[in-house]
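**Q** Contents of coords19.cif (mmCIF, C-alpha atoms) are below:
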```cif
data_start
#
loop_
_atom_site.label_atom_id
_atom_site.label_comp_id
_atom_site.auth_asym_id
_atom_site.auth_seq_id
_atom_site.Cartn_x
_atom_site.Cartn_y
_atom_site.Cartn_z
CA MET A 1 -8.94 3.50 -49.14
CA LYS A 2 -10.92 2.26 -46.15
CA ILE A 3 -12.75 -0.30 -48.28
CA LYS A 4 -9.46 -1.44 -49.76
CA GLN A 5 -7.95 -1.96 -46.28
CA GLU A 6 -10.95 -3.94 -45.07
CA GLU A 7 -10.85 -6.08 -48.20
CA GLN A 8 -7.23 -6.88 -47.39
CA GLY A 9 -8.24 -7.89 -43.85
CA LYS A 10 -6.59 -4.88 -42.21
CA ARG A 11 -8.34 -2.74 -39.67
CA PRO A 12 -8.37 0.98 -40.45
CA TYR A 13 -5.85 3.03 -38.48
CA LYS A 14 -7.22 4.48 -35.30
CA LYS A 15 -5.32 7.20 -33.55
CA PRO A 16 -4.21 6.14 -30.06
CA GLU A 17 -6.03 7.85 -27.22
CA LEU A 18 -4.52 8.87 -23.93
CA MET A 19 -6.79 8.14 -21.00
CA GLN A 20 -6.16 9.58 -17.57
CA VAL A 21 -7.47 7.77 -14.51
CA PRO A 22 -7.43 9.38 -11.07
CA LEU A 23 -5.41 7.52 -8.46
CA ARG A 24 -5.86 8.32 -4.78
CA PRO A 25 -2.53 7.34 -3.27
CA GLU A 26 -3.70 7.89 0.30
CA GLU A 27 -6.33 5.20 -0.21
CA ALA A 28 -4.32 2.86 -2.40
CA VAL A 29 -1.41 2.39 0.00
CA LEU A 30 -3.53 1.47 3.05
CA GLY A 31 -1.93 4.19 5.11
CA ASN A 32 -4.81 5.37 7.27
CA CYS A 33 -7.92 4.15 9.02
CA LYS A 34 -10.67 6.23 7.48
CA MET A 35 -13.30 5.08 9.95
CA SER A 36 -11.47 7.14 12.53
CA GLY A 37 -11.70 10.25 10.39
CA GLY A 38 -8.40 9.77 8.66
CA ALA A 39 -6.58 9.31 11.91
CA GLN A 40 -3.12 7.85 11.84
CA GLY A 41 -2.73 4.95 14.17
CA PRO A 42 -3.50 3.83 17.67
CA GLY A 43 -5.10 6.36 19.96
CA GLN A 44 -6.00 8.86 17.21
CA GLY A 45 -9.54 10.11 16.69
CA THR A 46 -12.03 7.41 17.60
CA CYS A 47 -9.41 4.70 17.32
CA THR A 48 -9.04 2.63 20.45
CA SER A 49 -6.03 0.62 19.37
CA PRO A 50 -3.91 -1.16 20.31
CA VAL A 51 -6.93 -3.39 20.38
CA PRO A 52 -8.47 -5.20 17.42
CA CYS A 53 -9.61 -3.04 14.56
CA SER A 54 -11.53 -4.10 11.48
CA ALA A 55 -13.53 -1.03 10.52
CA VAL A 56 -11.56 0.46 7.73
CA GLY A 57 -13.32 2.93 5.58
CA SER A 58 -15.18 2.76 2.35
CA MET B 1 -12.34 -16.05 21.09
CA GLU B 2 -10.63 -16.30 24.45
CA ASN B 3 -7.13 -15.00 24.84
CA THR B 4 -4.74 -17.26 23.04
CA SER B 5 -1.09 -17.56 22.07
CA GLN B 6 -1.83 -18.30 18.40
CA PHE B 7 -4.53 -17.99 15.78
CA CYS B 8 -5.00 -18.48 12.07
CA LEU B 9 -6.97 -16.23 9.72
CA GLU B 10 -8.24 -17.28 6.33
CA VAL B 11 -9.26 -14.68 3.76
CA ALA B 12 -9.96 -15.58 0.13
CA ASP B 13 -8.65 -19.11 0.69
CA ILE B 14 -5.32 -17.73 1.89
CA SER B 15 -4.43 -18.60 5.47
CA VAL B 16 -2.00 -16.82 7.74
CA LYS B 17 -1.01 -17.94 11.21
CA ILE B 18 0.58 -15.98 14.02
CA ARG B 19 1.88 -17.30 17.30
CA SER B 20 3.57 -16.12 20.47
CA ALA B 21 6.01 -18.12 22.56
CA ASP B 22 5.83 -15.55 25.36
CA PRO B 23 3.06 -16.20 27.93
CA THR B 24 2.84 -12.46 28.62
CA LEU B 25 1.92 -11.80 24.97
CA GLN B 26 -1.63 -13.03 24.44
CA PHE B 27 -3.86 -12.48 21.43
CA GLU B 28 -7.52 -11.77 20.84
CA THR B 29 -9.64 -10.98 17.82
CA GLN B 30 -12.82 -8.93 17.79
CA GLY B 31 -15.69 -8.04 15.49
CA VAL B 32 -16.05 -9.60 12.07
CA MET B 33 -12.44 -10.76 12.14
CA LYS B 34 -13.63 -13.62 14.35
CA ASN B 35 -15.57 -14.98 11.35
CA PHE B 36 -12.29 -15.39 9.48
CA LEU B 37 -10.58 -17.49 12.15
CA SER B 38 -9.50 -20.82 10.74
CA GLY B 39 -8.28 -24.14 12.03
CA GLU B 40 -5.95 -24.57 9.07
CA LEU B 41 -3.00 -26.72 10.07
CA GLN B 42 -0.85 -25.89 7.06
CA PRO B 43 -1.22 -22.12 6.57
CA ASP B 44 0.10 -20.38 3.49
CA ALA B 45 2.10 -18.00 5.66
CA GLN B 46 3.24 -17.83 9.29
CA ALA B 47 4.67 -15.26 11.64
CA SER B 48 5.65 -15.10 15.27
CA ALA B 49 5.10 -12.13 17.55
CA THR B 50 7.37 -10.95 20.33
CA TRP B 51 7.80 -8.05 22.69
CA SER B 52 10.79 -6.01 21.72
CA ASP B 53 12.66 -2.77 22.22
CA LEU B 54 12.31 -1.01 18.87
CA SER B 55 14.09 2.16 19.93
CA ARG B 56 17.38 0.85 18.58
CA MET B 57 16.26 -1.53 15.87
CA SER B 58 18.11 -1.21 12.60
CA LEU B 59 15.51 -1.07 9.82
CA GLY B 60 17.78 -0.93 6.80
CA GLU B 61 17.08 1.05 3.64
CA LYS B 62 13.72 2.80 3.39
CA ILE B 63 12.13 1.87 0.06
CA PHE B 64 8.56 3.18 0.43
CA ASP B 65 6.68 5.65 2.60
CA SER B 66 2.90 5.35 2.87
CA GLY B 67 2.76 9.00 3.88
CA ALA B 68 0.92 7.99 7.01
CA LEU B 69 1.17 5.08 9.44
CA TRP B 70 3.93 2.97 7.95
CA GLN B 71 7.16 2.92 6.03
CA LEU B 72 8.69 -0.05 4.25
CA HIS B 73 12.36 -0.93 4.60
CA ARG B 74 14.62 -3.63 3.17
CA ARG B 75 17.30 -5.31 5.21
CA ASN B 76 19.25 -8.41 4.21
CA GLY B 77 16.59 -9.45 1.69
CA SER B 78 13.70 -9.02 4.14
CA TYR B 79 10.85 -6.52 4.00
CA LEU B 80 10.26 -4.53 7.21
CA PHE B 81 7.08 -2.53 7.79
CA ALA B 82 7.61 0.04 10.54
CA PHE B 83 4.45 1.50 12.10
CA THR B 84 4.75 4.80 13.91
CA SER B 85 2.16 6.95 15.66
CA SER B 86 2.67 10.36 17.20
CA VAL B 87 0.43 9.26 20.07
CA PHE B 88 3.12 6.91 21.30
CA GLY B 89 6.29 8.71 20.46
CA PRO B 90 9.18 8.69 18.07
CA PHE B 91 9.84 4.96 17.93
CA PRO B 92 7.85 2.44 15.90
CA TYR B 93 5.15 0.83 18.03
CA LYS B 94 5.37 -2.20 15.78
CA VAL B 95 7.71 -3.63 13.13
CA ALA B 96 6.70 -6.54 10.91
CA SER B 97 9.48 -8.32 9.07
CA PHE B 98 8.80 -10.74 6.20
CA ASP B 99 10.87 -12.80 3.84
CA SER B 100 10.64 -11.92 0.15
CA SER B 101 7.73 -14.33 -0.39
CA PHE B 102 5.82 -12.97 2.64
CA THR B 103 5.27 -16.55 3.84
CA ALA B 104 7.43 -16.22 6.96
CA GLY B 105 7.70 -13.29 9.29
CA GLU B 106 8.16 -11.75 12.72
CA VAL B 107 6.04 -9.09 14.37
CA TYR B 108 7.89 -7.02 16.97
CA LEU B 109 5.85 -4.95 19.41
CA HIS B 110 7.59 -2.12 21.23
CA HIS B 111 6.99 -3.26 24.80
CA PRO B 112 7.08 0.14 26.55
CA TYR B 113 4.13 1.31 24.39
CA PHE B 114 1.79 -1.55 25.30
CA GLU B 115 0.00 -2.73 28.40
CA SER B 116 1.53 -6.18 28.58
CA LYS B 117 -1.36 -7.59 30.62
CA SER B 118 -3.89 -6.86 27.88
CA ALA B 119 -4.47 -9.30 25.06
CA LEU B 120 -4.10 -7.65 21.68
CA TYR B 121 -4.52 -8.23 17.98
CA PRO B 122 -0.95 -8.26 16.64
CA LEU B 123 -2.03 -7.81 13.02
CA GLU B 124 -3.92 -4.63 13.80
CA TYR B 125 -4.98 -2.74 10.68
CA PRO B 126 -3.39 -2.14 8.31
CA LEU B 127 -0.85 -4.94 8.92
CA ASP B 128 -3.38 -7.75 8.32
CA GLU B 129 -4.43 -6.22 5.01
CA LEU B 130 -0.88 -5.33 3.99
CA TRP B 131 0.23 -8.91 4.60
CA MET B 132 -2.68 -10.18 2.53
CA VAL B 133 -2.13 -7.83 -0.45
CA ASN B 134 1.53 -8.81 -0.53
CA LEU B 135 0.62 -12.50 -0.56
CA LEU B 136 -1.93 -11.81 -3.30
CA GLY B 137 0.66 -9.90 -5.32
CA GLN B 138 2.80 -13.06 -5.58
CA GLY B 139 0.56 -14.42 -8.33
CA ARG B 140 -2.44 -15.24 -6.15
CA GLY B 141 -4.89 -12.42 -6.93
CA VAL B 142 -5.78 -8.78 -6.33
CA GLU B 143 -7.73 -6.87 -3.70
CA ILE B 144 -10.25 -4.40 -5.10
CA HIS B 145 -11.89 -1.33 -3.57
CA GLY B 146 -15.35 -2.64 -4.24
CA CYS B 147 -18.68 -3.96 -3.07
CA GLY B 148 -19.48 -7.57 -3.92
CA VAL B 149 -23.04 -8.82 -4.29
CA VAL B 150 -24.15 -12.37 -5.10
CA ASP B 151 -27.59 -12.39 -6.72
CA ALA B 152 -30.29 -15.03 -6.24
CA ASP B 153 -28.85 -17.03 -9.15
CA GLY B 154 -25.42 -17.16 -7.49
CA LYS B 155 -23.85 -14.68 -9.91
CA GLY B 156 -21.27 -12.29 -8.56
CA HIS B 157 -21.62 -8.57 -9.24
CA LEU B 158 -18.64 -6.38 -8.39
CA PHE B 159 -19.25 -2.64 -7.85
CA VAL B 160 -15.95 -0.79 -8.01
CA GLY B 161 -15.18 2.70 -6.79
CA GLN B 162 -13.01 4.85 -4.59
CA SER B 163 -14.26 6.35 -1.33
CA GLY B 164 -17.55 8.17 -1.83
CA ALA B 165 -18.42 6.39 -5.07
CA GLY B 166 -21.40 4.59 -3.53
CA LYS B 167 -20.22 1.11 -2.56
CA SER B 168 -21.94 1.07 0.84
CA THR B 169 -24.98 2.75 -0.73
CA MET B 170 -25.14 0.02 -3.36
CA ALA B 171 -24.89 -2.67 -0.65
CA ARG B 172 -27.80 -1.11 1.24
CA LEU B 173 -29.89 -0.91 -1.95
CA TRP B 174 -29.31 -4.61 -2.61
CA GLU B 175 -29.87 -5.72 0.99
CA PRO B 176 -33.72 -6.01 0.83
CA GLN B 177 -33.57 -8.18 -2.31
CA LYS B 178 -34.53 -11.82 -1.79
CA GLY B 179 -31.85 -14.47 -1.97
CA ILE B 180 -28.90 -12.13 -2.31
CA GLN B 181 -25.68 -12.11 -0.30
CA ILE B 182 -23.33 -9.20 0.22
CA LEU B 183 -19.69 -10.26 0.43
CA SER B 184 -18.34 -6.86 1.44
CA ASP B 185 -19.21 -3.20 0.98
CA ASP B 186 -15.58 -2.11 0.68
CA ARG B 187 -12.96 -4.76 -0.07
CA ILE B 188 -13.25 -7.70 -2.45
CA VAL B 189 -10.50 -10.13 -3.39
CA LEU B 190 -10.40 -11.46 -6.95
CA ARG B 191 -8.70 -14.78 -7.63
CA GLN B 192 -8.62 -17.36 -10.38
CA ALA B 193 -9.30 -21.00 -9.52
CA ASN B 194 -10.37 -23.96 -11.65
CA GLN B 195 -10.42 -21.81 -14.81
CA LYS B 196 -12.89 -19.44 -13.16
CA LEU B 197 -12.67 -15.96 -11.72
CA TRP B 198 -13.94 -15.71 -8.16
CA MET B 199 -14.74 -12.80 -5.91
CA TYR B 200 -14.30 -13.26 -2.18
CA GLY B 201 -15.62 -11.39 0.82
CA THR B 202 -13.11 -9.93 3.28
CA PRO B 203 -13.12 -8.72 6.89
CA TRP B 204 -12.27 -5.18 5.80
CA HIS B 205 -15.76 -3.76 5.44
CA GLY B 206 -17.00 -0.23 4.84
CA GLU B 207 -19.54 2.08 6.42
CA ALA B 208 -22.42 -0.35 5.95
CA GLY B 209 -20.52 -3.08 7.79
CA PHE B 210 -21.08 -5.95 5.33
CA SER B 211 -18.52 -8.73 5.54
CA SER B 212 -18.64 -12.38 4.55
CA THR B 213 -16.26 -15.31 4.24
CA ALA B 214 -18.11 -16.57 1.14
CA ARG B 215 -17.11 -16.41 -2.52
CA ALA B 216 -18.96 -16.36 -5.85
CA PRO B 217 -18.10 -16.56 -9.55
CA LEU B 218 -17.38 -13.09 -10.90
CA THR B 219 -20.02 -12.35 -13.53
CA ARG B 220 -20.04 -8.59 -14.07
CA ILE B 221 -18.05 -5.53 -13.08
CA TYR B 222 -19.54 -2.08 -12.65
CA PHE B 223 -17.61 1.14 -12.12
CA LEU B 224 -19.77 3.38 -9.94
CA ARG B 225 -20.67 6.96 -10.83
CA HIS B 226 -23.25 9.08 -9.06
CA ALA B 227 -25.62 10.55 -11.68
CA LYS B 228 -29.08 11.98 -12.24
CA GLU B 229 -30.32 8.88 -14.02
CA ASN B 230 -29.62 5.15 -13.99
CA LYS B 231 -27.63 4.04 -17.00
CA LEU B 232 -25.27 1.22 -17.97
CA LEU B 233 -22.45 2.03 -20.36
CA PRO B 234 -20.21 -0.78 -21.66
CA GLN B 235 -16.51 -0.15 -21.03
CA ARG B 236 -13.67 -0.89 -23.42
CA PRO B 237 -10.98 -3.23 -22.04
CA ALA B 238 -8.36 -0.49 -21.72
CA GLN B 239 -10.81 1.74 -19.84
CA ALA B 240 -11.74 -1.12 -17.54
CA VAL B 241 -8.13 -2.06 -16.76
CA GLY B 242 -7.34 1.57 -15.95
CA GLN B 243 -10.29 1.89 -13.59
CA LEU B 244 -9.60 -1.43 -11.89
CA PHE B 245 -6.02 -0.37 -11.30
CA THR B 246 -7.03 2.90 -9.64
CA CYS B 247 -9.36 0.96 -7.33
CA SER B 248 -6.98 -1.79 -6.30
CA PHE B 249 -4.34 -2.25 -3.60
CA PRO B 250 -1.27 -3.68 -5.29
CA PRO B 251 2.12 -3.52 -3.58
CA PHE B 252 3.33 -0.41 -5.43
CA TYR B 253 6.91 -1.01 -4.27
CA ASN B 254 7.12 -4.40 -5.94
CA PRO B 255 7.59 -4.33 -9.76
CA GLU B 256 6.87 -8.07 -10.16
CA ALA B 257 3.63 -7.73 -8.21
CA LEU B 258 2.57 -4.73 -10.31
CA ASP B 259 3.34 -6.66 -13.48
CA PHE B 260 1.24 -9.57 -12.24
CA THR B 261 -1.61 -7.23 -11.21
CA LEU B 262 -1.86 -5.57 -14.63
CA GLY B 263 -1.71 -8.94 -16.41
CA PHE B 264 -4.40 -10.28 -14.08
CA PHE B 265 -6.66 -7.30 -14.84
CA GLU B 266 -6.17 -7.88 -18.57
CA GLU B 267 -7.47 -11.43 -18.12
CA VAL B 268 -10.35 -10.21 -15.96
CA VAL B 269 -11.65 -7.66 -18.47
CA GLN B 270 -11.38 -10.17 -21.31
CA ALA B 271 -13.46 -12.68 -19.36
CA VAL B 272 -16.04 -10.48 -17.64
CA PRO B 273 -18.31 -7.74 -19.08
CA CYS B 274 -17.44 -4.34 -17.62
CA PHE B 275 -19.74 -1.33 -17.41
CA GLU B 276 -19.85 2.18 -16.10
CA LEU B 277 -22.89 2.30 -13.83
CA ARG B 278 -24.37 5.76 -13.52
CA PHE B 279 -26.88 5.61 -10.74
CA LEU B 280 -29.32 7.43 -8.55
CA GLN B 281 -29.48 6.43 -4.92
CA ASP B 282 -32.75 4.50 -5.20
CA GLU B 283 -33.84 0.92 -5.73
CA LYS B 284 -34.61 1.42 -9.42
CA VAL B 285 -30.96 0.80 -10.17
CA ILE B 286 -31.43 -2.78 -8.91
CA GLU B 287 -34.25 -3.22 -11.46
CA LEU B 288 -31.87 -2.00 -14.16
CA LEU B 289 -29.26 -4.58 -13.10
CA THR B 290 -31.61 -7.52 -12.63
CA GLY B 291 -34.04 -6.83 -15.47
CA PRO B 292 -34.54 -9.18 -18.45
CA SER B 293 -32.08 -7.24 -20.64
CA ASN B 294 -29.29 -8.18 -18.22
CA GLU B 295 -29.70 -11.92 -18.34
CA ASP B 296 -26.58 -13.61 -19.66
#
```
Please, can you express the file's structure as structure tokens?

**A**
Amino acid sequence: MKIKQEEQGKRPYKKPELMQVPLRPEEAVLGNCKMSGGAQGPGQGTCTSPVPCSAVGS
Amino acid sequence: MENTSQFCLEVADISVKIRSADPTLQFETQGVMKNFLSGELQPDAQASATWSDLSRMSLGEKIFDSGALWQLHRRNGSYLFAFTSSVFGPFPYKVASFDSSFTAGEVYLHHPYFESKSALYPLEYPLDELWMVNLLGQGRGVEIHGCGVVDADGKGHLFVGQSGAGKSTMARLWEPQKGIQILSDDRIVLRQANQKLWMYGTPWHGEAGFSSTARAPLTRIYFLRHAKENKLLPQRPAQAVGQLFTCSFPPFYNPEALDFTLGFFEEVVQAVPCFELRFLQDEKVIELLTGPSNED
């Protein structure tokens, strides 16, 4: 059957696979500054805002 | 930079300008952000900043909640980001309003919460990055949670991973190599230009502090995994798209931008070899990546 399909130029059927990938919403939405230990906004943790801030986690 | 009433930033060849007409509202930039200041006269997007009383501002319908610093609202066709911190109080300390293309906006700062004599950075994180990812989402490109390294031959290697995956570690392992350049250890912008895919450095660095305004052709993508041995495993396109999506910053509240992002990733994985990189935290992984078997 497989040989017959390949002769006809068709690829053999392959069952679809479901793949799960882990999303981290708290990172993806740019909600927190992780360099200040997950602090939320000016004055939290080590954050000294409102002054410039460019150190934003890894 | 001395205190000023306007400045322009350029990241990944996208320029944004912000200005103040109020002499009591002065700006300053600090750190690596200074490297991204631009003299562009025709920016891609502009906003003005003003002192305001945000205690009574009507924000319109809330359409997205980041779960942390900001919420997104829609009012009369505009997008409004409201930033609130418990340190200040119940009112937003800042609201940024943009038109639907994110090319024109207003930044309102709640005056009672700020020392008006101090110069400030009105696009304080995450507003600068939010503005940029929304501009990218309009067909310009995608920001990736990744570390970008340009090797001695000028080829761009993108190491992708969420927090803790080893992006800053990878940057430090590459750093002693001759002739290399690290574009960022945390945020890389991908864009297409002149039929080529490019990766750009950004100001939004990670723990290792690497940040560059440069760009390089994207040559390979690696998804980082800590392991007990160094190994490269080719990834199928569907796997690669899935992993890129989980390590990107698309505007989740914008269906058109999400559609563009997924289509962009499909083009990326068709054009660039993608691998899972299992690695130990030592320099031997660099030998694996630069060895003869990896020459294209």

**Q** Can you list, as a ChimeraX atom specification, the residues that the PyMOL selection byres ((chain B) within 9 of (chain A)) selects here?

**A** /B:28-33,66-70,83-88,114,118-126,129-130,145-146,162-168,185-187,203-209,238-239,242-243,245-252

**Q** Figure out the distance between CA of Tyr93 (chain B) and CA of Pro112 (chain B), please, to one decimal in Å.

**A** 8.8 Å

**Q** Would you mind listing what lies within 8 Å of Phe223 (chain B) as an NGL selection string, with all atoms listed in the file counted and same-chain residues fewer than 4 positions away left out?

**A** :B and (159-161 or 243 or 274-277)

**Q** Using the selection just defined, write its residues with C-alpha atoms as an mmCIF file, in the coordinates of the input.

**A**
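Full text of result27.cif as output:
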```cif
data_model
loop_
_atom_site.group_PDB
_atom_site.id
_atom_site.type_symbol
_atom_site.label_atom_id
_atom_site.label_comp_id
_atom_site.auth_asym_id
_atom_site.auth_seq_id
_atom_site.Cartn_x
_atom_site.Cartn_y
_atom_site.Cartn_z
ATOM 1 C CA PHE B 159 -19.250 -2.640 -7.850
ATOM 2 C CA VAL B 160 -15.950 -0.790 -8.010
ATOM 3 C CA GLY B 161 -15.180 2.700 -6.790
ATOM 4 C CA GLN B 243 -10.290 1.890 -13.590
ATOM 5 C CA CYS B 274 -17.440 -4.340 -17.620
ATOM 6 C CA PHE B 275 -19.740 -1.330 -17.410
ATOM 7 C CA GLU B 276 -19.850 2.180 -16.100
ATOM 8 C CA LEU B 277 -22.890 2.300 -13.830
#
```

**Q** Counting all atoms listed in the file, what is within 9 Å of Thr4 (chain B), bar same-chain residues fewer than 6 positions away, as a list in words?

**A**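 With the cut-off at 9 Å, the set is Arg19, Ser20, Leu25, Gln26, Phe27, Glu28 and Ala119 of chain B.
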
**Q** With only C-alpha atoms as the basis for distance, which of B:Lys231, B:Arg220, B:Lys196, B:Lys178 is at the shortest distance from Gly148 (chain B)?

**A**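 Checking each candidate against Gly148 (chain B), we get B:Arg220 as the closest.
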